[in-house]
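Data block for my_file-v1.txt (compact mmCIF, C-alpha atoms):
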# COMPACT_ATOMS: atom_id res chain seq x y z
CA MET A 272 -32.37 39.25 -66.11
CA ILE A 273 -31.51 42.57 -64.45
CA ARG A 274 -28.71 42.45 -61.84
CA TYR A 275 -27.74 45.33 -59.56
CA LEU A 276 -23.99 45.17 -59.09
CA LYS A 277 -23.97 48.44 -57.13
CA LYS A 278 -26.87 50.27 -55.47
CA GLY A 279 -27.22 53.86 -54.28
CA ALA A 280 -28.98 55.49 -51.32
CA SER A 281 -32.44 54.21 -50.38
CA GLU A 282 -35.67 56.12 -50.92
CA THR A 283 -36.09 56.35 -47.13
CA GLU A 284 -32.73 58.06 -46.66
CA ILE A 285 -33.49 60.53 -49.43
CA SER A 286 -36.94 61.28 -47.97
CA GLN A 287 -35.53 61.99 -44.51
CA ALA A 288 -33.06 64.49 -45.97
CA ASP A 289 -35.88 66.17 -47.90
CA GLN A 290 -37.92 66.62 -44.72
CA ARG A 291 -35.07 68.46 -42.98
CA VAL A 292 -34.72 70.82 -45.93
CA ARG A 293 -38.48 71.43 -46.02
CA ARG A 294 -38.62 72.68 -42.43
CA THR A 295 -35.67 75.04 -42.91
CA VAL A 296 -37.12 76.57 -46.06
CA GLU A 297 -40.56 77.05 -44.55
CA ALA A 298 -39.14 79.12 -41.69
CA ILE A 299 -37.06 81.30 -44.00
CA LEU A 300 -39.95 82.02 -46.37
CA GLU A 301 -42.13 83.06 -43.43
CA ASP A 302 -39.37 85.39 -42.26
CA VAL A 303 -39.03 87.04 -45.68
CA MET A 304 -42.80 87.40 -45.94
CA ALA A 305 -42.90 89.14 -42.57
CA ARG A 306 -39.79 91.35 -42.75
CA GLY A 307 -38.99 91.78 -46.45
CA ASP A 308 -35.71 93.55 -47.24
CA VAL A 309 -34.51 93.38 -43.63
CA ALA A 310 -34.77 89.57 -43.64
CA ILE A 311 -33.16 89.36 -47.09
CA ARG A 312 -30.16 91.38 -45.90
CA GLU A 313 -29.73 89.32 -42.74
CA LEU A 314 -29.97 86.04 -44.63
CA SER A 315 -27.45 87.18 -47.24
CA ALA A 316 -25.01 88.20 -44.52
CA LYS A 317 -25.53 84.89 -42.72
CA PHE A 318 -25.26 82.48 -45.66
CA ASP A 319 -23.09 84.37 -48.16
CA ARG A 320 -21.31 86.89 -45.94
CA TRP A 321 -22.58 89.49 -48.41
CA GLU A 322 -24.19 92.76 -47.30
CA PRO A 323 -23.68 95.45 -49.99
CA PRO A 324 -25.37 98.87 -50.02
CA GLN A 325 -27.77 97.43 -52.62
CA PHE A 326 -28.11 93.99 -54.16
CA ARG A 327 -29.06 95.20 -57.63
CA LEU A 328 -26.07 95.84 -59.87
CA SER A 329 -25.98 99.14 -61.72
CA GLU A 330 -25.26 99.33 -65.43
CA GLU A 331 -21.83 100.76 -64.57
CA GLU A 332 -21.06 97.84 -62.26
CA ILE A 333 -22.17 95.36 -64.90
CA GLN A 334 -19.97 96.90 -67.56
CA SER A 335 -17.00 97.05 -65.17
CA LEU A 336 -17.36 93.33 -64.48
CA ILE A 337 -17.62 92.50 -68.18
CA ALA A 338 -14.45 94.52 -68.78
CA THR A 339 -12.50 92.14 -66.53
CA LEU A 340 -13.20 89.22 -68.87
CA SER A 341 -10.90 88.20 -71.71
CA PRO A 342 -12.11 88.64 -75.30
CA GLN A 343 -12.03 84.83 -75.62
CA THR A 344 -14.38 84.37 -72.67
CA ILE A 345 -16.82 86.94 -74.04
CA SER A 346 -16.65 85.30 -77.48
CA ASP A 347 -17.29 81.86 -75.98
CA ILE A 348 -20.30 83.10 -74.01
CA LYS A 349 -21.74 84.71 -77.14
CA PHE A 350 -21.14 81.54 -79.18
CA ALA A 351 -23.03 79.43 -76.63
CA GLN A 352 -25.86 81.95 -76.53
CA ALA A 353 -26.10 81.95 -80.32
CA GLN A 354 -26.68 78.18 -80.30
CA ILE A 355 -29.25 78.37 -77.50
CA ARG A 356 -31.03 81.30 -79.13
CA ARG A 357 -31.21 79.49 -82.48
CA PHE A 358 -32.81 76.40 -80.95
CA ALA A 359 -35.20 78.44 -78.76
CA GLU A 360 -36.32 80.48 -81.78
CA ALA A 361 -37.02 77.25 -83.69
CA GLN A 362 -39.06 76.01 -80.73
CA ARG A 363 -40.97 79.30 -80.55
CA ALA A 364 -41.90 78.94 -84.21
CA THR A 365 -43.76 75.70 -83.40
CA LEU A 366 -46.17 77.58 -81.11
CA ARG A 367 -48.79 79.15 -83.31
CA ASP A 368 -52.01 81.02 -82.70
CA MET A 369 -54.95 79.34 -84.39
CA GLU A 370 -58.69 79.72 -84.95
CA ILE A 371 -61.29 77.28 -86.24
CA GLU A 372 -65.00 77.39 -86.99
CA SER A 373 -66.16 74.33 -85.08
CA ILE A 374 -69.73 74.52 -86.40
CA PRO A 375 -71.23 77.25 -88.59
CA GLY A 376 -71.24 80.50 -86.62
CA VAL A 377 -68.96 79.33 -83.75
CA LYS A 378 -65.32 80.35 -83.71
CA LEU A 379 -62.81 78.86 -81.28
CA GLY A 380 -59.20 79.93 -81.03
CA GLN A 381 -56.01 79.94 -79.05
CA LYS A 382 -53.36 82.58 -78.49
CA ASN A 383 -49.84 82.18 -77.15
CA ILE A 384 -49.05 84.98 -74.70
CA PRO A 385 -45.69 85.37 -72.93
CA VAL A 386 -45.62 85.51 -69.14
CA ASP A 387 -45.23 89.16 -68.14
CA SER A 388 -42.37 88.89 -65.62
CA VAL A 389 -39.90 86.14 -64.76
CA GLY A 390 -37.27 85.68 -62.07
CA CYS A 391 -34.26 83.61 -63.13
CA TYR A 392 -32.13 81.99 -60.44
CA VAL A 393 -28.57 81.18 -61.52
CA PRO A 394 -26.77 79.03 -58.92
CA GLY A 395 -23.19 79.67 -57.98
CA GLY A 396 -22.41 78.26 -54.55
CA ARG A 397 -19.93 75.57 -55.56
CA TYR A 398 -19.41 76.53 -59.22
CA PRO A 399 -20.22 79.73 -61.12
CA MET A 400 -23.02 78.37 -63.32
CA VAL A 401 -22.57 80.66 -66.31
CA ALA A 402 -24.56 78.38 -68.62
CA SER A 403 -27.67 78.55 -66.44
CA ALA A 404 -27.94 82.24 -67.31
CA HIS A 405 -28.23 81.36 -71.00
CA MET A 406 -30.80 78.68 -70.34
CA SER A 407 -33.19 80.84 -68.33
CA VAL A 408 -32.63 84.50 -69.19
CA LEU A 409 -32.05 84.11 -72.91
CA THR A 410 -34.87 81.60 -73.38
CA ALA A 411 -37.30 83.91 -71.58
CA ARG A 412 -36.18 86.75 -73.84
CA VAL A 413 -36.81 84.67 -76.97
CA ALA A 414 -40.27 83.83 -75.61
CA GLY A 415 -41.08 87.54 -75.38
CA VAL A 416 -41.18 88.01 -71.59
CA ARG A 417 -41.44 91.74 -70.86
CA ARG A 418 -39.48 91.90 -67.57
CA ILE A 419 -36.68 89.49 -66.73
CA ILE A 420 -34.77 89.71 -63.47
CA ALA A 421 -31.87 87.46 -62.51
CA CYS A 422 -30.19 86.57 -59.23
CA THR A 423 -26.90 84.82 -58.56
CA PRO A 424 -24.85 84.62 -55.34
CA PRO A 425 -21.41 86.14 -54.84
CA LEU A 426 -18.45 83.77 -54.85
CA ASN A 427 -16.45 84.38 -51.68
CA GLY A 428 -17.62 87.97 -51.59
CA VAL A 429 -16.89 88.64 -55.26
CA ALA A 430 -19.32 89.06 -58.14
CA PRO A 431 -18.95 86.21 -60.70
CA ALA A 432 -18.10 88.32 -63.74
CA ALA A 433 -18.73 85.68 -66.39
CA THR A 434 -22.16 84.86 -64.96
CA ILE A 435 -23.09 88.54 -64.82
CA ALA A 436 -21.93 88.94 -68.43
CA ALA A 437 -24.08 86.00 -69.52
CA MET A 438 -27.12 87.45 -67.75
CA HIS A 439 -26.51 90.81 -69.41
CA PHE A 440 -25.91 89.44 -72.91
CA GLY A 441 -28.90 87.13 -72.49
CA GLY A 442 -31.19 90.10 -71.92
CA ALA A 443 -31.78 90.47 -68.17
CA ASP A 444 -33.47 93.76 -67.25
CA GLU A 445 -32.38 93.65 -63.59
CA ILE A 446 -29.42 91.76 -62.12
CA TYR A 447 -29.08 91.12 -58.39
CA LEU A 448 -26.07 89.72 -56.56
CA LEU A 449 -28.15 87.63 -54.20
CA GLY A 450 -28.26 83.89 -53.63
CA GLY A 451 -30.10 80.99 -52.07
CA ILE A 452 -33.57 80.86 -50.57
CA GLN A 453 -33.45 84.59 -49.94
CA ALA A 454 -33.05 85.32 -53.67
CA VAL A 455 -35.91 83.04 -54.68
CA ALA A 456 -38.12 84.46 -51.92
CA ALA A 457 -37.34 88.06 -52.88
CA MET A 458 -38.21 87.46 -56.53
CA ALA A 459 -41.43 85.58 -55.79
CA LEU A 460 -42.75 87.53 -52.82
CA GLY A 461 -41.32 90.95 -53.61
CA THR A 462 -39.85 93.43 -51.16
CA ALA A 463 -39.71 97.21 -50.92
CA SER A 464 -36.75 97.18 -53.33
CA ILE A 465 -37.60 94.22 -55.62
CA ALA A 466 -40.91 94.04 -57.46
CA PRO A 467 -42.33 90.47 -57.48
CA VAL A 468 -42.42 88.31 -60.60
CA ASP A 469 -45.06 85.99 -62.05
CA MET A 470 -42.79 83.00 -62.53
CA LEU A 471 -39.56 81.51 -61.13
CA VAL A 472 -37.14 79.45 -63.20
CA GLY A 473 -33.67 78.00 -62.91
CA PRO A 474 -31.89 75.20 -61.05
CA GLY A 475 -30.35 75.34 -57.58
CA ASN A 476 -29.47 73.28 -54.54
CA ALA A 477 -31.98 71.34 -52.47
CA TYR A 478 -32.99 74.47 -50.55
CA VAL A 479 -33.65 76.49 -53.69
CA ALA A 480 -35.68 73.63 -55.17
CA GLU A 481 -37.73 73.33 -51.99
CA ALA A 482 -38.31 77.08 -51.89
CA LYS A 483 -39.68 76.92 -55.43
CA ARG A 484 -41.93 74.02 -54.44
CA GLN A 485 -43.37 75.93 -51.49
CA LEU A 486 -43.84 79.10 -53.55
CA PHE A 487 -45.56 77.32 -56.43
CA GLY A 488 -49.11 78.61 -56.74
CA ARG A 489 -48.18 82.08 -55.61
CA VAL A 490 -45.94 82.10 -58.70
CA GLY A 491 -45.43 79.69 -61.55
CA ILE A 492 -42.28 77.60 -61.75
CA ASP A 493 -40.48 75.76 -64.52
CA LEU A 494 -39.98 72.49 -62.63
CA LEU A 495 -38.58 71.10 -59.40
CA ALA A 496 -34.93 70.41 -60.17
CA GLY A 497 -33.20 68.12 -57.70
CA PRO A 498 -29.59 66.93 -57.75
CA THR A 499 -28.15 66.40 -61.23
CA GLU A 500 -28.72 62.86 -62.52
CA THR A 501 -27.03 60.93 -65.29
CA LEU A 502 -27.68 57.53 -66.82
CA ILE A 503 -25.35 55.89 -69.30
CA ILE A 504 -26.74 53.13 -71.51
CA ALA A 505 -23.84 51.12 -72.91
CA ASP A 506 -23.43 47.93 -74.89
CA GLU A 507 -20.32 45.94 -75.80
CA THR A 508 -19.25 48.60 -78.32
CA ALA A 509 -18.76 51.20 -75.58
CA ASP A 510 -15.44 52.30 -74.10
CA VAL A 511 -15.11 51.83 -70.34
CA GLU A 512 -12.88 54.90 -70.05
CA MET A 513 -15.57 57.01 -71.72
CA CYS A 514 -18.27 55.57 -69.47
CA ALA A 515 -16.26 56.40 -66.35
CA THR A 516 -15.41 59.88 -67.59
CA ASP A 517 -19.03 60.67 -68.38
CA LEU A 518 -20.37 59.28 -65.11
CA LEU A 519 -17.96 61.42 -63.10
CA GLY A 520 -18.67 64.37 -65.37
CA GLN A 521 -22.08 64.66 -63.75
CA ALA A 522 -21.26 63.21 -60.32
CA GLU A 523 -19.02 66.24 -59.68
CA HIS A 524 -22.13 68.46 -59.54
CA GLY A 525 -22.66 67.50 -55.92
CA PRO A 526 -22.38 64.72 -53.33
CA THR A 527 -26.00 63.63 -53.87
CA SER A 528 -25.89 63.42 -57.68
CA PRO A 529 -26.89 59.93 -58.92
CA ALA A 530 -24.73 58.46 -61.68
CA ILE A 531 -25.94 55.15 -63.12
CA LEU A 532 -24.39 52.73 -65.59
CA LEU A 533 -26.86 50.50 -67.40
CA THR A 534 -25.13 47.96 -69.62
CA THR A 535 -25.38 44.62 -71.38
CA SER A 536 -21.60 44.23 -71.25
CA PRO A 537 -20.23 42.16 -68.33
CA ARG A 538 -16.79 43.49 -69.22
CA ILE A 539 -17.81 47.13 -68.74
CA ALA A 540 -19.87 46.31 -65.63
CA ASN A 541 -16.92 44.58 -64.01
CA GLU A 542 -14.30 47.13 -65.04
CA ILE A 543 -16.18 50.35 -64.30
CA GLN A 544 -15.33 50.53 -60.58
CA SER A 545 -11.58 50.30 -61.06
CA GLU A 546 -11.74 52.74 -63.98
CA ILE A 547 -13.63 55.26 -61.87
CA GLU A 548 -11.13 54.86 -59.05
CA ARG A 549 -8.32 55.51 -61.53
CA HIS A 550 -9.98 58.73 -62.71
CA LEU A 551 -10.59 59.88 -59.15
CA THR A 552 -6.84 59.85 -58.45
CA HIS A 553 -6.34 62.87 -60.72
CA LEU A 554 -9.78 64.54 -60.91
CA ALA A 555 -9.74 68.03 -59.36
CA THR A 556 -13.29 67.58 -58.05
CA ALA A 557 -12.70 64.06 -56.72
CA ASP A 558 -13.72 65.06 -53.20
CA ILE A 559 -17.27 65.66 -54.44
CA ALA A 560 -17.53 63.13 -57.27
CA SER A 561 -16.20 60.28 -55.14
CA ILE A 562 -18.92 60.78 -52.52
CA ALA A 563 -21.63 60.99 -55.18
CA TRP A 564 -20.41 57.75 -56.75
CA ARG A 565 -19.98 56.00 -53.42
CA ASP A 566 -23.42 56.92 -52.07
CA HIS A 567 -25.54 57.29 -55.23
CA GLY A 568 -23.72 55.47 -58.01
CA GLN A 569 -25.26 52.34 -59.51
CA VAL A 570 -24.16 49.61 -61.90
CA ILE A 571 -26.95 47.59 -63.51
CA LEU A 572 -26.24 44.65 -65.81
CA CYS A 573 -28.90 43.52 -68.28
CA ASP A 574 -29.08 40.72 -70.83
CA THR A 575 -30.76 42.58 -73.71
CA ASP A 576 -31.40 46.03 -75.12
CA GLU A 577 -35.09 45.52 -74.35
CA GLU A 578 -34.24 45.04 -70.66
CA MET A 579 -32.12 48.20 -70.71
CA LEU A 580 -34.99 50.09 -72.32
CA ARG A 581 -37.46 49.03 -69.62
CA GLU A 582 -35.00 49.84 -66.85
CA ALA A 583 -34.12 53.21 -68.37
CA ASP A 584 -37.78 54.19 -68.56
CA ARG A 585 -38.23 53.11 -64.93
CA ILE A 586 -35.27 55.23 -63.81
CA ALA A 587 -36.52 58.24 -65.84
CA SER A 588 -33.18 60.03 -65.55
CA GLU A 589 -32.52 63.70 -66.17
CA HIS A 590 -29.66 63.01 -68.60
CA VAL A 591 -29.38 59.81 -70.63
CA GLN A 592 -26.30 59.07 -72.69
CA VAL A 593 -26.68 56.24 -75.18
CA ILE A 594 -23.34 54.72 -76.14
CA THR A 595 -24.45 51.74 -78.18
CA LYS A 596 -24.14 50.33 -81.68
CA GLU A 597 -27.53 51.81 -82.67
CA PRO A 598 -28.32 54.74 -80.33
CA ARG A 599 -31.36 55.83 -82.32
CA TRP A 600 -33.02 52.52 -81.43
CA PHE A 601 -33.43 54.03 -77.96
CA LEU A 602 -34.50 57.42 -79.34
CA ASP A 603 -37.34 55.69 -81.18
CA ARG A 604 -38.48 53.73 -78.11
CA MET A 605 -37.63 55.55 -74.87
CA LYS A 606 -40.37 57.56 -73.19
CA ASN A 607 -39.05 58.80 -69.85
CA TYR A 608 -36.00 61.09 -69.88
CA GLY A 609 -35.06 64.73 -69.56
CA SER A 610 -32.73 64.82 -72.55
CA LEU A 611 -31.03 62.16 -74.68
CA PHE A 612 -27.41 62.30 -75.81
CA LEU A 613 -26.91 59.90 -78.69
CA GLY A 614 -23.63 58.22 -79.55
CA ALA A 615 -20.08 58.39 -78.26
CA ARG A 616 -19.41 61.72 -79.97
CA THR A 617 -22.13 63.38 -77.88
CA ASN A 618 -22.06 63.97 -74.13
CA VAL A 619 -23.98 65.70 -71.35
CA ALA A 620 -21.39 68.47 -70.95
CA TYR A 621 -22.19 69.63 -74.49
CA GLY A 622 -25.85 69.94 -73.54
CA ASP A 623 -25.01 71.57 -70.21
CA LYS A 624 -22.88 74.31 -71.72
CA VAL A 625 -23.13 75.02 -75.40
CA ILE A 626 -24.84 72.76 -77.93
CA GLY A 627 -28.16 74.62 -77.90
CA THR A 628 -30.74 72.55 -76.01
CA ASN A 629 -31.78 73.65 -72.53
CA HIS A 630 -30.01 72.12 -69.54
CA THR A 631 -32.74 72.76 -66.95
CA LEU A 632 -34.32 69.31 -66.93
CA PRO A 633 -36.63 67.13 -64.81
CA THR A 634 -35.16 65.04 -61.99
CA LYS A 635 -36.46 62.59 -59.38
CA LYS A 636 -38.50 60.68 -61.99
CA ALA A 637 -40.39 63.81 -63.08
CA ALA A 638 -39.44 62.91 -66.65
CA ARG A 639 -42.42 60.53 -66.50
CA TYR A 640 -44.76 63.51 -66.84
CA THR A 641 -42.85 66.60 -67.92
CA GLY A 642 -40.04 67.82 -70.13
CA GLY A 643 -37.44 70.42 -69.25
CA LEU A 644 -37.32 74.19 -69.50
CA TRP A 645 -37.97 75.47 -73.01
CA VAL A 646 -39.37 78.56 -74.65
CA GLY A 647 -42.92 77.21 -74.28
CA LYS A 648 -42.66 77.23 -70.47
CA PHE A 649 -42.66 81.02 -70.60
CA ILE A 650 -45.78 81.15 -72.76
CA LYS A 651 -49.42 80.79 -71.74
CA THR A 652 -51.56 79.08 -74.35
CA VAL A 653 -54.99 80.61 -73.79
CA THR A 654 -58.29 80.09 -75.57
CA TYR A 655 -61.21 82.23 -76.69
CA GLN A 656 -64.70 81.69 -78.11
CA GLU A 657 -67.02 83.77 -80.26
CA VAL A 658 -70.54 82.89 -81.38
CA LEU A 659 -71.38 84.92 -84.49
CA THR A 660 -74.99 84.01 -85.36
CA ASP A 661 -78.32 83.71 -83.59
CA GLU A 662 -78.79 80.22 -84.95
CA ALA A 663 -75.45 79.01 -83.58
CA SER A 664 -76.08 80.49 -80.13
CA ALA A 665 -79.52 78.85 -79.92
CA THR A 666 -78.17 75.48 -81.08
CA ILE A 667 -75.31 75.47 -78.59
CA GLY A 668 -77.68 76.79 -75.92
CA GLU A 669 -80.10 73.89 -76.29
CA TYR A 670 -77.32 71.34 -75.79
CA CYS A 671 -75.84 73.35 -72.94
CA SER A 672 -79.19 73.65 -71.16
CA ARG A 673 -79.76 69.90 -71.14
CA LEU A 674 -76.19 69.20 -70.01
CA CYS A 675 -76.48 71.72 -67.16
CA ALA A 676 -79.71 70.06 -66.02
CA ILE A 677 -77.92 66.71 -65.73
CA GLU A 678 -75.46 68.37 -63.30
CA ASN A 679 -78.14 70.35 -61.42
CA PHE A 680 -76.50 73.69 -62.27
CA SER A 681 -79.63 75.84 -62.50
CA ALA A 682 -77.87 79.21 -62.94
CA HIS A 683 -75.64 77.75 -65.64
CA LYS A 684 -78.79 76.40 -67.32
CA GLU A 685 -80.41 79.84 -67.23
CA GLN A 686 -77.39 81.34 -69.02
CA ALA A 687 -78.06 78.93 -71.86
CA ASP A 688 -81.86 79.23 -71.73
CA LEU A 689 -81.69 83.02 -71.97
CA ARG A 690 -79.80 82.72 -75.28
CA VAL A 691 -82.24 80.12 -76.56
CA ARG A 692 -85.18 82.44 -75.75
CA ARG A 693 -83.40 85.48 -77.15
CA TYR A 694 -81.93 83.97 -80.30
CA GLY A 695 -84.04 80.89 -81.00
CA HIS A 696 -86.08 80.72 -84.22
CA LYS A 697 -89.52 80.59 -82.56
CA ASN A 698 -89.05 83.78 -80.55
CA ALA A 699 -87.20 85.44 -83.39
CA ALA A 700 -90.31 84.96 -85.54
Kindly return the structure encoded in the file as structure tokens.
Amino acid sequence: MIRYLKKGASETEISQADQRVRRTVEAILEDVMARGDVAIRELSAKFDRWEPPQFRLSEEEIQSLIATLSPQTISDIKFAQAQIRRFAEAQRATLRDMEIESIPGVKLGQKNIPVDSVGCYVPGGRYPMVASAHMSVLTARVAGVRRIIACTPPLNGVAPAATIAAMHFGGADEIYLLGGIQAVAAMALGTASIAPVDMLVGPGNAYVAEAKRQLFGRVGIDLLAGPTETLIIADETADVEMCATDLLGQAEHGPTSPAILLTTSPRIANEIQSEIERHLTHLATADIASIAWRDHGQVILCDTDEEMLREADRIASEHVQVITKEPRWFLDRMKNYGSLFLGARTNVAYGDKVIGTNHTLPTKKAARYTGGLWVGKFIKTVTYQEVLTDEASATIGEYCSRLCAIENFSAHKEQADLRVRRYGHKNAA
């Protein structure tokens, strides 16, 4: 039996908040579409108090910012990027062009072609999200994208040097110190000073996510990333201190970040609240994490691993940590998740920052139908056909003609009939 010891915000409350965001974003996108750079500048001044002579950083400015970083910081960024590059290159190797001869004289194939231009949004309102630069810019570069531009907001009027360095080392062609809806709009719609892109990627707050949703179709997107989510699956072998630490490790992302404990251990279920309260007394981001836990935290007690599996697949969380006796039991059986973190030695922070997998992942149950950002998101798998012989064209044409007749497509049918007349054996004789 599944028992909910603590529940989070209702679907109705979440939907009402989404509607308010939707209206705000719609008005801003219309403004940018109408006034371009003028609107971008006004919005940047309003939301970020940032109105420089130009938003694009010069090569000299980039190098000056990198020079302010310690050698250790630069080394750490490059280490993380080496891990992410290695995994992305292995993923890229799985995408292969291919060609088959489906019947004699008919060749069918597919090619994998990188998207031509991509805009990478790297958030930075509450925290300078250095790692998001690796995940988007570097992965697009491994995929073979020709033009990569990147935007990140200033932090209290100052360029976030480490984020800029990560964008630069990752391979960004253009770097803009520009944040929020205005950055996403500028990249997607284009202005007099910023050429538009074909695709938008990267996480952001609710407004950035909504802007991507409204712009989808005009440009491609990676996915609609909502507030960070984490689910911990724990049995009696788990450590309550570790569970609390790892729940708060994601709750600190923002006040609407869901953190859920799913366990078969009554001991852990009953002790988790007091353990979280203990951690909050000394956590530097307690003001944010405490609200997220209060409003969106959940504790769910199950009787069996099978119940936890069903509940985990229903929740379809972005991040799922499995702290159980046999974590690979869940790897073999779970279907709905953004990324799995197996065993006590592994945690979401590793995946967020350095281990090599991509941290831009599906939220709001989107894990039911999509995975996260990966090198393949930047690649279009396209197909082609070639009929090499008269006989093959006539054979396919006869089938096609009859199938078009069933659907009453007379012009389609004539395309096929023309080939049958032209290449069929009787006329050829």
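Once range 648-662 of chain A and its same-chain neighbours fewer than 4 positions away are set aside, Gly376, Val377, Lys378, Leu379, Gly380, Gln381, Lys382, Asn383, Ile384, Pro385, Val386, Ala411, Ala414, Val416, Asp493, Leu644, Thr666, Tyr694, Gly695 and His696 of chain A remain within 8 Å of it when counting only C-alpha atoms.
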Counting all atoms listed in the file, figure out which residue out of A:Ala583, A:Val455, A:Ala421, A:Ile503 gets nearest to Gly568 in chain A. A:Ile503
Quick one: residues within 6 Å of range 346-361 of chain A, only C-alpha atoms, excluding same-chain residues fewer than 3 positions away - as a list in words? Gln343, Ala364, Val625, Gly627 and Val646 of chain A
Contacts of range 444-452 of chain A at 8 Å or less, counting only C-alpha atoms, minus same-chain residues fewer than 6 places along, as a list in words?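 Within the cut-off, the hits are Val296, Ile299, Leu300, Ser315, Asp319, Phe326, Arg327, Leu328, Pro394, Gly395, Arg418, Ile419, Ile420, Ala421, Cys422, Thr423, Pro424, Pro425, Ala430, Ile435, Met438, Gly475, Tyr478, Val479 and Ala482 of chain A.
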d(CA of Glu546 in chain A, CA of Asp517 in chain A) in Å: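 Going from CA of Glu546 in chain A over to CA of Asp517 in chain A, I get 11.6 Å.
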Ala432 in chain A proximity check over A:Thr339, A:Gln325, A:Thr527, A:Asn679, using only C-alpha atoms: winner is A:Thr339
Would you give the centre and edge lengths, in Å to one decimal, of a box along x, y and z around the listed atoms of range 357-369 of chain A, with 5 Å added to each side, as lines of an AutoDock Vina configuration file?
center_x = -43.1
center_y = 78.4
center_z = -81.6
size_x = 33.7
size_y = 15.3
size_z = 15.6
From A:Ile594, A:Ala615, A:Ala310, A:Ala457, residue lying nearest Glu507 in chain A [all atoms listed in the file]: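 Of A:Ile594, A:Ala615, A:Ala310, A:Ala457, the one nearest Glu507 in chain A, counting all atoms listed in the file, is A:Ile594.
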In Å, how far is it from CA of Thr508 in chain A to CA of Arg538 in chain A? 10.7 Å
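Closest approach to Met579 in chain A from the set A:Ile504, A:Ala515, A:Ala404, A:Ile337 is made by A:Ile504, with distances taken over all atoms listed in the file.
One finds CA of Gln453 in chain A at 29.3 Å from CA of Tyr640 in chain A.
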Glu481 in chain A environment, 12 Å, all atoms listed in the file, sequence neighbours closer than 6 positions dropped, as an MDAnalysis selection string: chainID A and resid 288:300 451:452 455:456 474:475 487 492 494:498
Would you mind telling me which residue in A:Val511, A:Met406, A:Leu276, A:Leu519 lies nearest to Gly622 in chain A when using only C-alpha atoms?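 Among the listed residues, the smallest separation from Gly622 in chain A belongs to A:Met406.
Of the residues under consideration (A:Arg397, A:Lys684, A:Arg412, A:His405), A:Arg397 shows the shortest atom-to-atom contact distance to Thr556 in chain A when counting all atoms listed in the file.
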